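This is data-v8.txt (compact mmCIF, N, CA, C and O atoms).
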```
# COMPACT_ATOMS: atom_id res chain seq x y z
N LEU A 21 0.82 -1.19 0.00
CA LEU A 21 0.00 0.00 0.00
C LEU A 21 0.86 1.25 0.00
O LEU A 21 1.91 1.28 0.64
N ARG A 22 0.38 2.26 -0.69
CA ARG A 22 1.08 3.54 -0.73
C ARG A 22 0.22 4.59 -0.08
O ARG A 22 -1.00 4.57 -0.24
N PRO A 23 0.81 5.54 0.63
CA PRO A 23 0.01 6.62 1.21
C PRO A 23 -0.58 7.49 0.11
O PRO A 23 0.04 7.70 -0.93
N VAL A 24 -1.77 7.98 0.35
CA VAL A 24 -2.45 8.84 -0.62
C VAL A 24 -2.39 10.27 -0.10
O VAL A 24 -2.67 10.53 1.07
N GLU A 25 -2.01 11.18 -0.96
CA GLU A 25 -1.97 12.59 -0.58
C GLU A 25 -3.39 13.12 -0.43
O GLU A 25 -4.31 12.66 -1.09
N ALA A 26 -3.57 14.07 0.43
CA ALA A 26 -4.88 14.70 0.62
C ALA A 26 -5.27 15.46 -0.63
O ALA A 26 -4.43 15.94 -1.37
N MET A 27 -6.57 15.58 -0.85
CA MET A 27 -7.07 16.36 -1.98
C MET A 27 -6.68 17.82 -1.78
O MET A 27 -6.69 18.33 -0.66
N PRO A 28 -6.31 18.49 -2.85
CA PRO A 28 -5.95 19.91 -2.73
C PRO A 28 -7.15 20.75 -2.34
O PRO A 28 -8.28 20.41 -2.63
N ARG A 29 -6.88 21.83 -1.66
CA ARG A 29 -7.93 22.78 -1.29
C ARG A 29 -7.95 23.92 -2.28
O ARG A 29 -6.99 24.14 -3.00
N ALA A 30 -9.04 24.64 -2.28
CA ALA A 30 -9.14 25.81 -3.15
C ALA A 30 -8.02 26.77 -2.82
O ALA A 30 -7.72 27.02 -1.67
N ALA A 31 -7.39 27.27 -3.84
CA ALA A 31 -6.32 28.24 -3.64
C ALA A 31 -6.92 29.64 -3.63
O ALA A 31 -7.96 29.89 -4.23
N VAL A 32 -6.27 30.53 -2.93
CA VAL A 32 -6.69 31.93 -2.90
C VAL A 32 -5.58 32.75 -3.53
O VAL A 32 -4.41 32.61 -3.18
N ALA A 33 -5.95 33.60 -4.48
CA ALA A 33 -4.97 34.43 -5.16
C ALA A 33 -4.35 35.43 -4.19
O ALA A 33 -4.83 35.64 -3.10
N LYS A 34 -3.28 36.06 -4.63
CA LYS A 34 -2.55 37.02 -3.80
C LYS A 34 -3.43 38.15 -3.27
O LYS A 34 -3.19 38.68 -2.21
N ASP A 35 -4.48 38.50 -4.02
CA ASP A 35 -5.35 39.59 -3.55
C ASP A 35 -6.32 39.11 -2.48
O ASP A 35 -7.09 39.89 -1.95
N ALA A 36 -6.28 37.83 -2.12
CA ALA A 36 -7.07 37.21 -1.06
C ALA A 36 -8.57 37.24 -1.33
O ALA A 36 -9.33 36.77 -0.52
N GLY A 37 -9.01 37.76 -2.46
CA GLY A 37 -10.42 37.79 -2.76
C GLY A 37 -10.81 36.94 -3.95
O GLY A 37 -11.97 36.90 -4.33
N THR A 38 -9.85 36.26 -4.54
CA THR A 38 -10.13 35.43 -5.71
C THR A 38 -9.89 33.97 -5.36
O THR A 38 -8.78 33.60 -4.96
N LEU A 39 -10.93 33.15 -5.50
CA LEU A 39 -10.78 31.71 -5.28
C LEU A 39 -10.38 31.06 -6.60
O LEU A 39 -11.03 31.29 -7.63
N LEU A 40 -9.34 30.25 -6.57
CA LEU A 40 -8.81 29.60 -7.76
C LEU A 40 -9.00 28.10 -7.69
O LEU A 40 -8.91 27.51 -6.61
N ALA A 41 -9.22 27.47 -8.84
CA ALA A 41 -9.32 26.02 -8.91
C ALA A 41 -7.94 25.41 -8.61
O ALA A 41 -6.96 25.79 -9.25
N PRO A 42 -7.85 24.49 -7.66
CA PRO A 42 -6.55 23.91 -7.31
C PRO A 42 -6.07 22.87 -8.32
O PRO A 42 -4.88 22.63 -8.45
N ILE A 43 -7.02 22.25 -9.03
CA ILE A 43 -6.71 21.24 -10.05
C ILE A 43 -7.81 21.32 -11.11
O ILE A 43 -8.86 21.90 -10.87
N PRO A 44 -7.60 20.72 -12.29
CA PRO A 44 -8.66 20.73 -13.30
C PRO A 44 -9.87 19.95 -12.82
O PRO A 44 -9.74 18.96 -12.09
N GLY A 45 -11.05 20.39 -13.21
CA GLY A 45 -12.28 19.69 -12.83
C GLY A 45 -13.49 20.36 -13.44
O GLY A 45 -13.39 21.10 -14.41
N ARG A 46 -14.64 20.09 -12.82
CA ARG A 46 -15.91 20.65 -13.30
C ARG A 46 -16.60 21.34 -12.14
O ARG A 46 -16.69 20.81 -11.04
N LEU A 47 -17.10 22.53 -12.39
CA LEU A 47 -17.84 23.28 -11.38
C LEU A 47 -19.24 22.68 -11.29
O LEU A 47 -20.02 22.75 -12.25
N VAL A 48 -19.55 22.06 -10.17
CA VAL A 48 -20.83 21.37 -10.00
C VAL A 48 -21.91 22.32 -9.53
O VAL A 48 -23.03 22.30 -10.02
N GLN A 49 -21.58 23.16 -8.53
CA GLN A 49 -22.54 24.11 -7.99
C GLN A 49 -21.87 25.46 -7.78
O GLN A 49 -20.74 25.51 -7.30
N LEU A 50 -22.59 26.50 -8.12
CA LEU A 50 -22.18 27.86 -7.80
C LEU A 50 -23.31 28.41 -6.95
O LEU A 50 -24.42 28.61 -7.43
N LEU A 51 -23.06 28.57 -5.67
CA LEU A 51 -24.11 28.89 -4.71
C LEU A 51 -24.32 30.38 -4.49
O LEU A 51 -25.17 30.77 -3.67
N VAL A 52 -23.57 31.21 -5.18
CA VAL A 52 -23.69 32.67 -5.08
C VAL A 52 -23.67 33.28 -6.48
O VAL A 52 -23.29 32.62 -7.44
N ALA A 53 -24.08 34.53 -6.55
CA ALA A 53 -24.07 35.27 -7.81
C ALA A 53 -23.42 36.62 -7.58
O ALA A 53 -23.29 37.07 -6.44
N ALA A 54 -23.03 37.27 -8.66
CA ALA A 54 -22.45 38.61 -8.55
C ALA A 54 -23.42 39.52 -7.80
O ALA A 54 -24.62 39.50 -8.05
N GLY A 55 -22.87 40.26 -6.82
CA GLY A 55 -23.68 41.17 -6.02
C GLY A 55 -24.10 40.59 -4.68
O GLY A 55 -24.50 41.33 -3.78
N ASP A 56 -24.01 39.28 -4.52
CA ASP A 56 -24.39 38.65 -3.25
C ASP A 56 -23.39 39.00 -2.15
O ASP A 56 -22.19 39.08 -2.40
N GLU A 57 -23.90 39.17 -0.94
CA GLU A 57 -23.05 39.35 0.25
C GLU A 57 -22.78 37.97 0.84
O GLU A 57 -23.70 37.14 0.91
N VAL A 58 -21.54 37.71 1.24
CA VAL A 58 -21.18 36.42 1.83
C VAL A 58 -20.47 36.63 3.16
O VAL A 58 -19.82 37.65 3.37
N ALA A 59 -20.60 35.64 4.03
CA ALA A 59 -19.91 35.66 5.32
C ALA A 59 -18.62 34.86 5.20
O ALA A 59 -18.53 33.94 4.37
N GLU A 60 -17.65 35.20 6.01
CA GLU A 60 -16.40 34.43 6.02
C GLU A 60 -16.72 32.98 6.34
O GLU A 60 -17.48 32.69 7.26
N GLY A 61 -16.17 32.07 5.56
CA GLY A 61 -16.38 30.64 5.77
C GLY A 61 -17.62 30.07 5.09
O GLY A 61 -17.83 28.86 5.10
N GLN A 62 -18.44 30.92 4.49
CA GLN A 62 -19.65 30.46 3.81
C GLN A 62 -19.31 29.60 2.60
O GLN A 62 -18.41 29.93 1.83
N LEU A 63 -20.03 28.50 2.41
CA LEU A 63 -19.86 27.66 1.23
C LEU A 63 -20.36 28.43 0.01
O LEU A 63 -21.51 28.89 0.01
N VAL A 64 -19.50 28.58 -1.01
CA VAL A 64 -19.87 29.39 -2.17
C VAL A 64 -19.89 28.59 -3.47
O VAL A 64 -20.55 28.98 -4.42
N ALA A 65 -19.15 27.47 -3.53
CA ALA A 65 -19.10 26.68 -4.76
C ALA A 65 -18.62 25.27 -4.45
O ALA A 65 -17.96 25.03 -3.44
N VAL A 66 -18.98 24.36 -5.36
CA VAL A 66 -18.54 22.98 -5.25
C VAL A 66 -18.01 22.56 -6.61
O VAL A 66 -18.66 22.78 -7.64
N MET A 67 -16.84 21.96 -6.61
CA MET A 67 -16.18 21.50 -7.83
C MET A 67 -15.96 20.00 -7.72
O MET A 67 -15.74 19.48 -6.62
N GLU A 68 -16.02 19.30 -8.84
CA GLU A 68 -15.75 17.87 -8.87
C GLU A 68 -14.44 17.66 -9.62
O GLU A 68 -14.27 18.16 -10.73
N ALA A 69 -13.53 16.93 -8.99
CA ALA A 69 -12.25 16.62 -9.63
C ALA A 69 -11.78 15.27 -9.11
O ALA A 69 -11.86 15.01 -7.90
N MET A 70 -11.32 14.44 -9.99
CA MET A 70 -10.81 13.12 -9.60
C MET A 70 -11.85 12.35 -8.78
O MET A 70 -11.54 11.71 -7.78
N LYS A 71 -13.14 12.44 -9.19
CA LYS A 71 -14.26 11.75 -8.55
C LYS A 71 -14.45 12.16 -7.09
O LYS A 71 -14.95 11.41 -6.27
N THR A 72 -14.02 13.37 -6.76
CA THR A 72 -14.14 13.90 -5.41
C THR A 72 -14.70 15.31 -5.48
O THR A 72 -14.39 16.06 -6.40
N GLU A 73 -15.52 15.66 -4.50
CA GLU A 73 -16.05 17.02 -4.43
C GLU A 73 -15.09 17.90 -3.65
O GLU A 73 -14.61 17.51 -2.59
N LEU A 74 -14.81 19.06 -4.19
CA LEU A 74 -13.99 20.07 -3.52
C LEU A 74 -14.91 21.23 -3.18
O LEU A 74 -15.58 21.76 -4.07
N LYS A 75 -14.96 21.60 -1.92
CA LYS A 75 -15.84 22.68 -1.50
C LYS A 75 -15.05 23.97 -1.33
O LYS A 75 -13.97 23.97 -0.77
N PHE A 76 -15.62 25.06 -1.84
CA PHE A 76 -15.00 26.37 -1.78
C PHE A 76 -15.76 27.21 -0.75
O PHE A 76 -16.98 27.34 -0.84
N HIS A 77 -15.02 27.78 0.19
CA HIS A 77 -15.61 28.63 1.22
C HIS A 77 -15.03 30.04 1.08
O HIS A 77 -13.86 30.20 0.73
N ALA A 78 -15.85 31.03 1.38
CA ALA A 78 -15.40 32.42 1.29
C ALA A 78 -14.27 32.64 2.30
O ALA A 78 -14.43 32.34 3.47
N PRO A 79 -13.12 33.17 1.85
CA PRO A 79 -12.00 33.40 2.75
C PRO A 79 -12.19 34.62 3.64
O PRO A 79 -11.42 34.84 4.57
N MET A 80 -13.23 35.41 3.35
CA MET A 80 -13.51 36.63 4.11
C MET A 80 -14.94 37.04 3.85
O MET A 80 -15.57 36.57 2.90
N ALA A 81 -15.46 37.91 4.70
CA ALA A 81 -16.78 38.49 4.45
C ALA A 81 -16.65 39.51 3.33
O ALA A 81 -15.63 40.21 3.23
N GLY A 82 -17.64 39.59 2.48
CA GLY A 82 -17.59 40.56 1.40
C GLY A 82 -18.73 40.40 0.42
O GLY A 82 -19.73 39.75 0.70
N ARG A 83 -18.54 41.00 -0.74
CA ARG A 83 -19.52 40.97 -1.82
C ARG A 83 -18.91 40.24 -3.00
O ARG A 83 -17.75 40.45 -3.35
N VAL A 84 -19.70 39.39 -3.64
CA VAL A 84 -19.24 38.68 -4.83
C VAL A 84 -19.19 39.68 -5.98
O VAL A 84 -20.22 40.25 -6.35
N ALA A 85 -18.00 39.91 -6.51
CA ALA A 85 -17.84 40.87 -7.60
C ALA A 85 -18.07 40.22 -8.96
O ALA A 85 -18.63 40.84 -9.87
N GLU A 86 -17.63 38.96 -9.08
CA GLU A 86 -17.72 38.29 -10.39
C GLU A 86 -17.68 36.80 -10.19
O GLU A 86 -16.99 36.28 -9.32
N THR A 87 -18.44 36.09 -11.04
CA THR A 87 -18.37 34.63 -11.11
C THR A 87 -18.11 34.29 -12.58
O THR A 87 -19.04 34.23 -13.37
N PRO A 88 -16.84 34.09 -12.96
CA PRO A 88 -16.51 33.89 -14.36
C PRO A 88 -17.01 32.58 -14.97
O PRO A 88 -16.99 32.42 -16.18
N HIS A 89 -17.45 31.65 -14.12
CA HIS A 89 -17.92 30.35 -14.61
C HIS A 89 -19.33 30.09 -14.12
O HIS A 89 -19.78 30.67 -13.13
N ALA A 90 -20.02 29.17 -14.78
CA ALA A 90 -21.35 28.72 -14.38
C ALA A 90 -21.28 27.25 -14.00
O ALA A 90 -20.33 26.55 -14.39
N ALA A 91 -22.27 26.78 -13.27
CA ALA A 91 -22.32 25.37 -12.92
C ALA A 91 -22.30 24.53 -14.20
O ALA A 91 -22.94 24.88 -15.19
N GLY A 92 -21.49 23.49 -14.19
CA GLY A 92 -21.33 22.63 -15.36
C GLY A 92 -20.09 22.93 -16.17
O GLY A 92 -19.67 22.12 -16.99
N ASP A 93 -19.50 24.10 -15.97
CA ASP A 93 -18.31 24.49 -16.73
C ASP A 93 -17.09 23.68 -16.30
O ASP A 93 -16.91 23.38 -15.11
N ALA A 94 -16.24 23.35 -17.26
CA ALA A 94 -14.93 22.77 -16.96
C ALA A 94 -13.99 23.91 -16.58
O ALA A 94 -14.05 25.00 -17.18
N VAL A 95 -13.18 23.69 -15.56
CA VAL A 95 -12.20 24.70 -15.14
C VAL A 95 -10.82 24.07 -15.08
O VAL A 95 -10.68 22.89 -14.75
N GLU A 96 -9.84 24.85 -15.42
CA GLU A 96 -8.46 24.39 -15.39
C GLU A 96 -7.79 24.83 -14.09
O GLU A 96 -8.25 25.78 -13.44
N GLU A 97 -6.71 24.20 -13.75
CA GLU A 97 -5.94 24.57 -12.56
C GLU A 97 -5.56 26.05 -12.62
O GLU A 97 -5.10 26.54 -13.65
N GLY A 98 -5.81 26.77 -11.54
CA GLY A 98 -5.44 28.18 -11.47
C GLY A 98 -6.49 29.14 -12.00
O GLY A 98 -6.34 30.35 -11.85
N GLU A 99 -7.55 28.63 -12.60
CA GLU A 99 -8.60 29.52 -13.10
C GLU A 99 -9.44 30.04 -11.94
O GLU A 99 -9.71 29.31 -10.99
N PRO A 100 -9.89 31.29 -12.02
CA PRO A 100 -10.73 31.84 -10.94
C PRO A 100 -12.12 31.21 -10.93
O PRO A 100 -12.72 31.01 -11.98
N ILE A 101 -12.60 30.91 -9.73
CA ILE A 101 -13.95 30.42 -9.53
C ILE A 101 -14.86 31.61 -9.23
O ILE A 101 -15.97 31.70 -9.73
N LEU A 102 -14.39 32.51 -8.39
CA LEU A 102 -15.12 33.76 -8.13
C LEU A 102 -14.20 34.80 -7.51
O LEU A 102 -13.13 34.47 -7.01
N HIS A 103 -14.63 36.05 -7.62
CA HIS A 103 -13.89 37.19 -7.07
C HIS A 103 -14.74 37.84 -5.99
O HIS A 103 -15.91 38.12 -6.21
N LEU A 104 -14.13 38.10 -4.83
CA LEU A 104 -14.80 38.77 -3.72
C LEU A 104 -14.18 40.13 -3.46
O LEU A 104 -12.96 40.29 -3.59
N VAL A 105 -15.02 41.08 -3.09
CA VAL A 105 -14.55 42.39 -2.63
C VAL A 105 -14.75 42.40 -1.13
O VAL A 105 -15.85 42.11 -0.66
N PRO A 106 -13.71 42.70 -0.36
CA PRO A 106 -13.84 42.68 1.10
C PRO A 106 -14.93 43.62 1.60
O PRO A 106 -15.16 44.68 1.03
N GLN A 107 -15.55 43.20 2.68
CA GLN A 107 -16.57 44.02 3.32
C GLN A 107 -15.86 45.19 4.01
O GLN A 107 -14.89 44.99 4.73
N PRO A 108 -16.31 46.42 3.79
CA PRO A 108 -15.64 47.56 4.42
C PRO A 108 -15.77 47.52 5.95
O PRO A 108 -16.75 47.03 6.47
N GLY A 109 -14.76 48.05 6.59
CA GLY A 109 -14.82 48.16 8.05
C GLY A 109 -13.91 47.24 8.65
O GLY A 109 -13.52 46.80 9.54
```
I'd like the structure from this file rewritten - as structure tokens, please.
Amino acid sequence: LRPVEAMPRAAVAKDAGTLLAPIPGRLVQLLVAAGDEVAEGQLVAVMEAMKTELKFHAPMAGRVAETPHAAGDAVEEGEPILHLVPQPG
């Protein structure tokens, strides 16, 4: 038997408001839309890769600025899943 590495987690871009696909896969659910307010830690999207679901949570409270993909879209490693604008204050 060989040890299995853990599934990668969603990456966050340097601006801390952009969630990136950690590996190629398919966006199964997009639970928010542009303009929606989200809480830190809120589930915002689900991606399927390597027969496993990867859950994306908001890294901070804020407003969804853009969702470049729709549910069902194929996404490549490093592609943005959504962009958040931090909540002021």
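Distance-wise, CA of Glu96 (chain A) and CA of Pro42 (chain A) end up 8.3 Å apart.
The spacing separating atom O of Leu47 (chain A) from atom N of Lys71 (chain A) amounts to 12.8 Å.
In this comparison, which uses only C-alpha atoms, the residue of A:Pro79, A:Glu99, A:Pro88, A:Ala94 approaching Gly37 (chain A) most closely is A:Pro79.
In terms of minimum interatomic distance to Val64 (chain A), A:Ile101 ranks closest within A:Ile101, A:Ala85, A:Leu40, A:Val95, counting all atoms listed in the file.
As for CA of Glu68 (chain A) and CA of Pro106 (chain A), they are spaced 26.8 Å apart.
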Next on the checklist: The residues within 6 Å of (-16.1, 31.4, -3.7), using all atoms listed in the file and the coordinates of the file, should be reported as a list of chain:residue names; which are they?
Outcome noted: A:Leu39, A:Val64, A:Ala65, A:Phe76, A:His77, A:Ala78, A:Ile101, A:Leu102
Checklist entry - Skipping near chain neighbours, those fewer than 4 positions away, what residues fall within 8 Å of Gly82 (chain A) using only C-alpha atoms, listed as a list in words? => result Glu57, Val58, Ala59, Glu60, Leu104, Val105, Pro106, Gln107 and Pro108 of chain A
Next on the checklist: Based on the backbone DSSP call, show me all residues of chain A assigned strand (DSSP E), as a PyMOL selection string.
Outcome noted: chain A and resi 31-32+38-40+45-50+57-58+63-69+72-77+82-86+94-95+100-106
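Residue nearest Arg46 (chain A), chosen from A:Met67, A:Leu74, A:His103, A:Gln62 and counting all atoms listed in the file: A:Met67.
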Item to check | Protein/DNA/RNA residues near (-8.3, 17.6, -7.6), cut 7 Å, only N, CA, C and O atoms, as an MDAnalysis selection string | outcome: chainID A and resid 27:28 42:45 68:70 72
Let's have the selection written as an mmCIF file, in the coordinates of the input, with N, CA, C and O atoms.
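New file result13.cif:
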```cif
data_model
loop_
_atom_site.group_PDB
_atom_site.id
_atom_site.type_symbol
_atom_site.label_atom_id
_atom_site.label_comp_id
_atom_site.auth_asym_id
_atom_site.auth_seq_id
_atom_site.Cartn_x
_atom_site.Cartn_y
_atom_site.Cartn_z
ATOM 1 N N MET A 27 -6.570 15.580 -0.850
ATOM 2 C CA MET A 27 -7.070 16.360 -1.980
ATOM 3 C C MET A 27 -6.680 17.820 -1.780
ATOM 4 O O MET A 27 -6.690 18.330 -0.660
ATOM 5 N N PRO A 28 -6.310 18.490 -2.850
ATOM 6 C CA PRO A 28 -5.950 19.910 -2.730
ATOM 7 C C PRO A 28 -7.150 20.750 -2.340
ATOM 8 O O PRO A 28 -8.280 20.410 -2.630
ATOM 9 N N PRO A 42 -7.850 24.490 -7.660
ATOM 10 C CA PRO A 42 -6.550 23.910 -7.310
ATOM 11 C C PRO A 42 -6.070 22.870 -8.320
ATOM 12 O O PRO A 42 -4.880 22.630 -8.450
ATOM 13 N N ILE A 43 -7.020 22.250 -9.030
ATOM 14 C CA ILE A 43 -6.710 21.240 -10.050
ATOM 15 C C ILE A 43 -7.810 21.320 -11.110
ATOM 16 O O ILE A 43 -8.860 21.900 -10.870
ATOM 17 N N PRO A 44 -7.600 20.720 -12.290
ATOM 18 C CA PRO A 44 -8.660 20.730 -13.300
ATOM 19 C C PRO A 44 -9.870 19.950 -12.820
ATOM 20 O O PRO A 44 -9.740 18.960 -12.090
ATOM 21 N N GLY A 45 -11.050 20.390 -13.210
ATOM 22 C CA GLY A 45 -12.280 19.690 -12.830
ATOM 23 C C GLY A 45 -13.490 20.360 -13.440
ATOM 24 O O GLY A 45 -13.390 21.100 -14.410
ATOM 25 N N GLU A 68 -16.020 19.300 -8.840
ATOM 26 C CA GLU A 68 -15.750 17.870 -8.870
ATOM 27 C C GLU A 68 -14.440 17.660 -9.620
ATOM 28 O O GLU A 68 -14.270 18.160 -10.730
ATOM 29 N N ALA A 69 -13.530 16.930 -8.990
ATOM 30 C CA ALA A 69 -12.250 16.620 -9.630
ATOM 31 C C ALA A 69 -11.780 15.270 -9.110
ATOM 32 O O ALA A 69 -11.860 15.010 -7.900
ATOM 33 N N MET A 70 -11.320 14.440 -9.990
ATOM 34 C CA MET A 70 -10.810 13.120 -9.600
ATOM 35 C C MET A 70 -11.850 12.350 -8.780
ATOM 36 O O MET A 70 -11.540 11.710 -7.780
ATOM 37 N N THR A 72 -14.020 13.370 -6.760
ATOM 38 C CA THR A 72 -14.140 13.900 -5.410
ATOM 39 C C THR A 72 -14.700 15.310 -5.480
ATOM 40 O O THR A 72 -14.390 16.060 -6.400
#
```
